[in-house]
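Heads up, work.tsv below (TSV, C-alpha atoms):
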chain	number	residue	atom	x	y	z
A	3	MET	CA	-81.78	-12.59	-38.92
A	4	ILE	CA	-82.18	-9.35	-36.96
A	5	LYS	CA	-80.47	-10.90	-33.96
A	6	PHE	CA	-77.55	-11.89	-36.17
A	7	ARG	CA	-77.23	-8.28	-37.44
A	8	TYR	CA	-77.21	-6.97	-33.86
A	9	PHE	CA	-74.52	-9.49	-33.05
A	10	ILE	CA	-72.40	-8.38	-36.04
A	11	VAL	CA	-72.85	-4.71	-35.10
A	12	LEU	CA	-71.93	-5.48	-31.49
A	13	VAL	CA	-68.77	-7.39	-32.57
A	14	VAL	CA	-67.68	-4.59	-34.95
A	15	LEU	CA	-68.32	-1.99	-32.24
A	16	CYS	CA	-66.29	-3.94	-29.65
A	17	LEU	CA	-63.40	-4.46	-32.09
A	18	GLY	CA	-63.47	-0.80	-33.05
A	19	LEU	CA	-63.31	0.30	-29.41
A	20	SER	CA	-60.59	-2.18	-28.51
A	21	LEU	CA	-58.38	-1.10	-31.38
A	22	THR	CA	-58.54	2.56	-30.47
A	23	SER	CA	-56.90	3.83	-27.33
A	24	CYS	CA	-55.00	6.81	-26.04
A	25	ILE	CA	-51.38	6.08	-26.79
A	26	ASP	CA	-50.00	9.58	-27.11
A	27	ASP	CA	-49.01	9.66	-23.40
A	28	VAL	CA	-46.94	6.43	-23.38
A	29	ASP	CA	-43.37	7.12	-22.24
A	30	PHE	CA	-41.11	4.47	-23.76
A	31	GLU	CA	-38.06	5.99	-21.99
A	32	GLN	CA	-39.27	4.59	-18.65
A	33	GLY	CA	-37.71	1.24	-19.53
A	34	GLU	CA	-34.25	2.76	-19.25
A	35	SER	CA	-34.77	3.59	-15.56
A	36	PHE	CA	-36.18	0.15	-14.69
A	37	ILE	CA	-34.13	-1.53	-11.94
A	38	PHE	CA	-34.44	-5.07	-10.63
A	39	TYR	CA	-32.43	-7.11	-8.15
A	40	GLN	CA	-31.04	-10.55	-8.88
A	41	ASN	CA	-30.29	-12.94	-5.99
A	42	ASN	CA	-27.39	-15.35	-6.56
A	43	THR	CA	-25.74	-18.11	-4.54
A	44	VAL	CA	-22.28	-19.53	-5.05
A	45	SER	CA	-20.45	-22.24	-3.11
A	46	LEU	CA	-17.22	-20.92	-1.57
A	47	ILE	CA	-15.14	-23.42	0.39
A	48	HIS	CA	-15.60	-26.90	1.76
A	49	PHE	CA	-13.11	-29.25	3.38
A	50	GLU	CA	-12.63	-31.85	6.09
A	51	VAL	CA	-9.68	-32.19	8.44
A	52	ASN	CA	-8.88	-34.63	11.21
A	53	ASP	CA	-6.66	-34.84	14.30
A	54	GLN	CA	-3.54	-35.61	12.23
A	55	ASP	CA	-3.89	-32.23	10.52
A	56	PHE	CA	-3.60	-30.49	13.90
A	57	THR	CA	-1.14	-32.73	15.74
A	58	ASN	CA	1.67	-33.01	13.19
A	59	PRO	CA	4.76	-30.94	14.07
A	60	VAL	CA	4.50	-28.82	10.91
A	61	ASN	CA	1.00	-27.48	11.63
A	62	ASN	CA	1.19	-27.57	15.44
A	63	GLY	CA	-2.52	-26.88	16.01
A	64	TYR	CA	-2.93	-24.41	13.14
A	65	ILE	CA	-4.01	-24.83	9.53
A	66	SER	CA	-4.56	-22.31	6.77
A	67	ASP	CA	-5.83	-22.44	3.22
A	68	VAL	CA	-6.35	-19.84	0.48
A	69	THR	CA	-8.98	-20.20	-2.24
A	70	ARG	CA	-9.36	-18.07	-5.34
A	71	LEU	CA	-12.87	-16.63	-5.76
A	72	ASN	CA	-13.23	-16.37	-9.53
A	73	PHE	CA	-16.75	-14.97	-9.36
A	74	LEU	CA	-15.29	-11.78	-7.85
A	75	ASP	CA	-13.16	-11.34	-10.99
A	76	ASP	CA	-16.27	-10.77	-13.13
A	77	GLY	CA	-16.72	-7.13	-14.21
A	78	PHE	CA	-20.51	-7.38	-14.24
A	79	ILE	CA	-20.54	-8.62	-10.62
A	80	GLN	CA	-17.98	-5.99	-9.63
A	81	GLU	CA	-20.09	-3.19	-11.07
A	82	ASN	CA	-23.51	-4.34	-9.85
A	83	LEU	CA	-22.85	-5.93	-6.42
A	84	VAL	CA	-25.12	-4.31	-3.81
A	85	ALA	CA	-25.24	-6.92	-1.00
A	86	LEU	CA	-23.25	-9.92	0.22
A	87	GLU	CA	-24.02	-12.44	2.94
A	88	LEU	CA	-21.73	-15.34	3.82
A	89	TYR	CA	-22.99	-18.58	5.35
A	90	ILE	CA	-20.28	-20.56	7.17
A	91	GLU	CA	-21.04	-23.96	8.71
A	92	TYR	CA	-18.59	-26.01	10.78
A	93	ASN	CA	-19.27	-29.52	12.07
A	94	ASN	CA	-16.87	-30.39	14.89
A	95	THR	CA	-16.35	-33.68	16.74
A	96	PHE	CA	-13.19	-32.51	18.53
A	97	SER	CA	-13.56	-31.69	22.22
A	98	GLN	CA	-11.56	-28.53	21.54
A	99	ASP	CA	-12.90	-25.18	20.36
A	100	PHE	CA	-11.24	-23.49	17.39
A	101	ASN	CA	-10.50	-19.85	16.55
A	102	THR	CA	-11.31	-19.33	12.90
A	103	THR	CA	-10.59	-16.28	10.78
A	104	LEU	CA	-11.76	-15.79	7.23
A	105	THR	CA	-10.04	-13.01	5.30
A	106	PHE	CA	-10.78	-11.60	1.88
A	107	LEU	CA	-7.46	-10.83	0.15
A	108	SER	CA	-6.45	-8.85	-2.93
A	109	GLU	CA	-4.37	-10.37	-5.73
A	110	GLU	CA	-1.30	-9.08	-3.86
A	111	ASP	CA	-2.50	-10.75	-0.59
A	112	GLU	CA	-3.49	-7.44	1.03
A	113	VAL	CA	-6.11	-7.87	3.76
A	114	LYS	CA	-9.40	-6.38	2.55
A	115	TYR	CA	-12.10	-7.78	4.85
A	116	PRO	CA	-11.42	-10.13	7.79
A	117	PHE	CA	-13.86	-11.63	10.28
A	118	SER	CA	-13.42	-14.14	13.10
A	119	PHE	CA	-15.48	-16.36	15.34
A	120	ILE	CA	-15.20	-19.40	17.62
A	121	VAL	CA	-16.09	-22.93	16.49
A	122	ASP	CA	-17.55	-24.75	19.49
A	123	GLY	CA	-16.06	-28.06	20.63
A	124	SER	CA	-18.09	-31.21	21.09
A	125	PRO	CA	-18.76	-32.21	24.71
A	126	ASP	CA	-19.11	-35.93	23.87
A	127	GLY	CA	-17.60	-36.62	20.43
A	128	SER	CA	-20.89	-36.11	18.59
A	129	ILE	CA	-21.20	-33.44	15.92
A	130	GLU	CA	-21.30	-29.92	17.33
A	131	GLN	CA	-22.49	-27.54	14.62
A	132	THR	CA	-21.43	-23.90	14.52
A	133	ILE	CA	-23.13	-21.64	11.99
A	134	HIS	CA	-21.91	-18.12	11.37
A	135	ILE	CA	-23.70	-15.71	9.04
A	136	GLU	CA	-21.63	-12.69	8.03
A	137	GLN	CA	-23.61	-9.83	6.54
A	138	VAL	CA	-21.01	-7.65	4.82
A	139	PRO	CA	-21.84	-3.99	5.54
A	140	VAL	CA	-22.63	-1.91	2.45
A	141	ASN	CA	-19.71	0.41	3.23
A	142	MET	CA	-17.34	-2.61	3.02
A	143	LEU	CA	-18.49	-3.85	-0.40
A	144	ASP	CA	-15.68	-1.92	-2.10
A	145	SER	CA	-13.23	-4.01	-0.05
A	146	ILE	CA	-14.93	-7.17	-1.34
A	147	ARG	CA	-14.77	-5.82	-4.91
A	148	GLN	CA	-10.99	-5.42	-4.45
A	149	SER	CA	-10.68	-9.05	-3.31
A	150	ILE	CA	-10.04	-12.18	-5.33
A	151	LYS	CA	-9.01	-14.69	-2.62
A	152	LEU	CA	-10.44	-16.02	0.63
A	153	GLN	CA	-8.08	-17.26	3.34
A	154	VAL	CA	-9.35	-19.59	6.07
A	155	GLU	CA	-7.26	-19.92	9.23
A	156	ILE	CA	-8.16	-22.41	11.95
A	157	GLU	CA	-6.35	-22.56	15.29
A	158	LEU	CA	-7.00	-25.25	17.87
A	159	ILE	CA	-7.66	-23.98	21.40
A	160	ASP	CA	-5.92	-26.45	23.70
A	161	ASN	CA	-8.09	-27.62	26.59
A	162	GLY	CA	-5.77	-30.33	27.93
A	163	LEU	CA	-7.83	-33.22	26.47
A	164	PRO	CA	-6.55	-35.55	23.73
A	165	VAL	CA	-6.80	-34.06	20.25
A	166	GLU	CA	-9.16	-36.49	18.48
A	167	GLY	CA	-11.96	-35.92	16.03
A	168	GLY	CA	-12.86	-34.29	12.77
A	169	LEU	CA	-13.79	-30.84	11.55
A	170	SER	CA	-15.64	-30.01	8.34
A	171	LEU	CA	-16.41	-26.67	6.75
A	172	ARG	CA	-19.08	-25.77	4.20
A	173	SER	CA	-19.68	-22.22	3.03
A	174	LYS	CA	-21.60	-20.23	0.47
A	175	ALA	CA	-22.10	-16.64	-0.56
A	176	ASP	CA	-25.49	-15.11	-1.25
A	177	PHE	CA	-25.14	-11.89	-3.20
A	178	ILE	CA	-27.50	-9.41	-4.80
A	179	LEU	CA	-26.88	-7.59	-8.06
A	180	GLU	CA	-28.67	-4.41	-9.05
A	181	ILE	CA	-29.46	-4.60	-12.76
A	182	GLY	CA	-30.87	-1.87	-14.97
A	183	GLY	CA	-31.07	1.89	-14.72
A	184	GLU	CA	-27.75	3.64	-14.46
A	185	SER	CA	-26.07	0.91	-12.38
A	186	THR	CA	-25.07	-1.10	-15.48
A	187	GLY	CA	-23.09	1.79	-16.92
A	188	GLU	CA	-25.43	2.35	-19.89
In structure tokens, what does this structure look like?
Amino acid sequence: MIKFRYFIVLVVLCLGLSLTSCIDDVDFEQGESFIFYQNNTVSLIHFEVNDQDFTNPVNNGYISDVTRLNFLDDGFIQENLVALELYIEYNNTFSQDFNTTLTFLSEEDEVKYPFSFIVDGSPDGSIEQTIHIEQVPVNMLDSIRQSIKLQVEIELIDNGLPVEGGLSLRSKADFILEIGGESTGE
């Protein structure tokens, strides 16, 4: 019976100590300055073209396409975008190289952020993969925020060989949003 009383006293003492603490120094305003970063990925453009797309008299070795990027029209993304990286992957079975230019455009088709690179040709008709990763500099993010379209231009570089093969493009954007603190406009 005495052991049971010691146990009861011990339980009451532990509960009493656990329910009392120093709470007068807790700063509940710290939550307003809390900032976290959210990583996001969105698919941008994908297509496949073949030799007929480059050899017809209308295109004459050049093709172009414009895609609307609706995610850039979101006010929350506009306000909180802090980093953007583009992943561009071409698979080429043509023997020719290609000049490719990707250009972010405003609603009025003003050039905001262009970048170019070479897509390597295939030496033997097998798939030659070209991967380009474009890290948009922080000082150019305002140009991206002013964009709503992405134009892709592809120009065949003639090497004297027959124009035969296929070319595919896949791309995505990885972007980081800063959420919390003063960045959300609160």
ask   = Do you know which residues are at most 6 Å from Thr105 in chain A counting only C-alpha atoms, after dropping those on the same chain fewer than 6 positions away, and could you put them as an NGL selection string?
value = :A and (115-116 or 152-153)
ask   = Closest to Asn141 in chain A among A:Val84, A:Ile79, A:Ile10, A:Val154, using only C-alpha atoms?
value =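 Going through A:Val84, A:Ile79, A:Ile10, A:Val154 one by one, the smallest distance to Asn141 in chain A is for A:Val84.
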message = Applying 8 Å and all atoms listed in the file, which residues near Leu71 in chain A remain after dropping the ones on its own chain fewer than 4 positions away? List them as an NGL selection string.
response = :A and (46 or 75 or 150-152)
query = What's the 12 Å shell around range 61-68 of chain A, counting all atoms listed in the file, without same-chain residues fewer than 6 positions away, as a ChimeraX atom specification?
reply = /A:46-55,98-109,111,150-161,165-166,169,171
key: Between CA of Gly127 in chain A and CA of Thr95 in chain A, distance in Å (one decimal)   = 4.9 Å
key: Pairwise distance for CA of Phe119 in chain A and CA of Ile133 in chain A, rounded to one decimal in Å   =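 If I compute the distance from CA of Phe119 in chain A to CA of Ile133 in chain A, I get 9.9 Å.
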key: Top pick for closest residue to Gly167 in chain A, considering A:Gly123, A:Pro59, A:Pro139, A:Gly182 and counting all atoms listed in the file   = A:Gly123
